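Structure record follows, encoded as structure tokens.
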Amino acid sequence: MPYTILVVEDNLITQKMMVVTLRAEAYRVIGAADGKTALAHVVAEEPDLILQDLILPDMDGIDLARRIRELGAGRDVPIIALSG
């Protein structure tokens, strides 16, 4: 079963580029454009890795990482912060 990667990026062009590139390498990829959606995906999908922007429309990346860590499904998942 392929690893699942959650890409959290509000710039939809950048998000699409990352999703397409990772899918080409046979990863299962889920996109989210804001923190609220990302948190829902963490609970529902239990990703193996999270790539996230630091500035999102509804919260900053540090706050999102903190909230992810508070979730049982997000406690141990690696989070890599990205910024353009």
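Residues are referred to by chain and number: the chain letter is A, B, ... according to the order shown in the structure tokens, the number counts from 1 in that chain, and ligands are numbered separately from 1 in the order shown.
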Using only C-alpha atoms, which protein or nucleic acid residues come within 12 Å of A:Leu54? Drop anything in the same chain fewer than 6 positions from it, and give the result as a count of residues only. 20
Contact residues around stretch 12-28 of chain A with only C-alpha atoms at 7 Å, ignoring same-chain residues under 6 positions, as a ChimeraX atom specification: /A:2-5
What residues in chain A get the DSSP label strand (DSSP E or B)? Please answer as a PyMOL selection string. chain A and resi 4-8+28-32+49-53+55+60+79-82
Extract the full set of alpha helix (DSSP H) residues from stretch 2-68 of chain A according to DSSP on the backbone, and format it as a PyMOL selection string. chain A and resi 12-24+35-45+61-68
Interatomic distance between atom CA of A:Lys36 and atom CA of A:Ala73? 15.1 Å
What gap, in Å, lies between atom CA of A:Leu56 and atom CA of A:Gly72?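 Going from atom CA of A:Leu56 over to atom CA of A:Gly72, I get 22.6 Å.
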Determine the nearest neighbour of A:Arg75 from the options A:Leu51, A:Met59, A:Met1, A:Val42, counting only C-alpha atoms.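 For A:Arg75, the nearest of the candidates is A:Val42.
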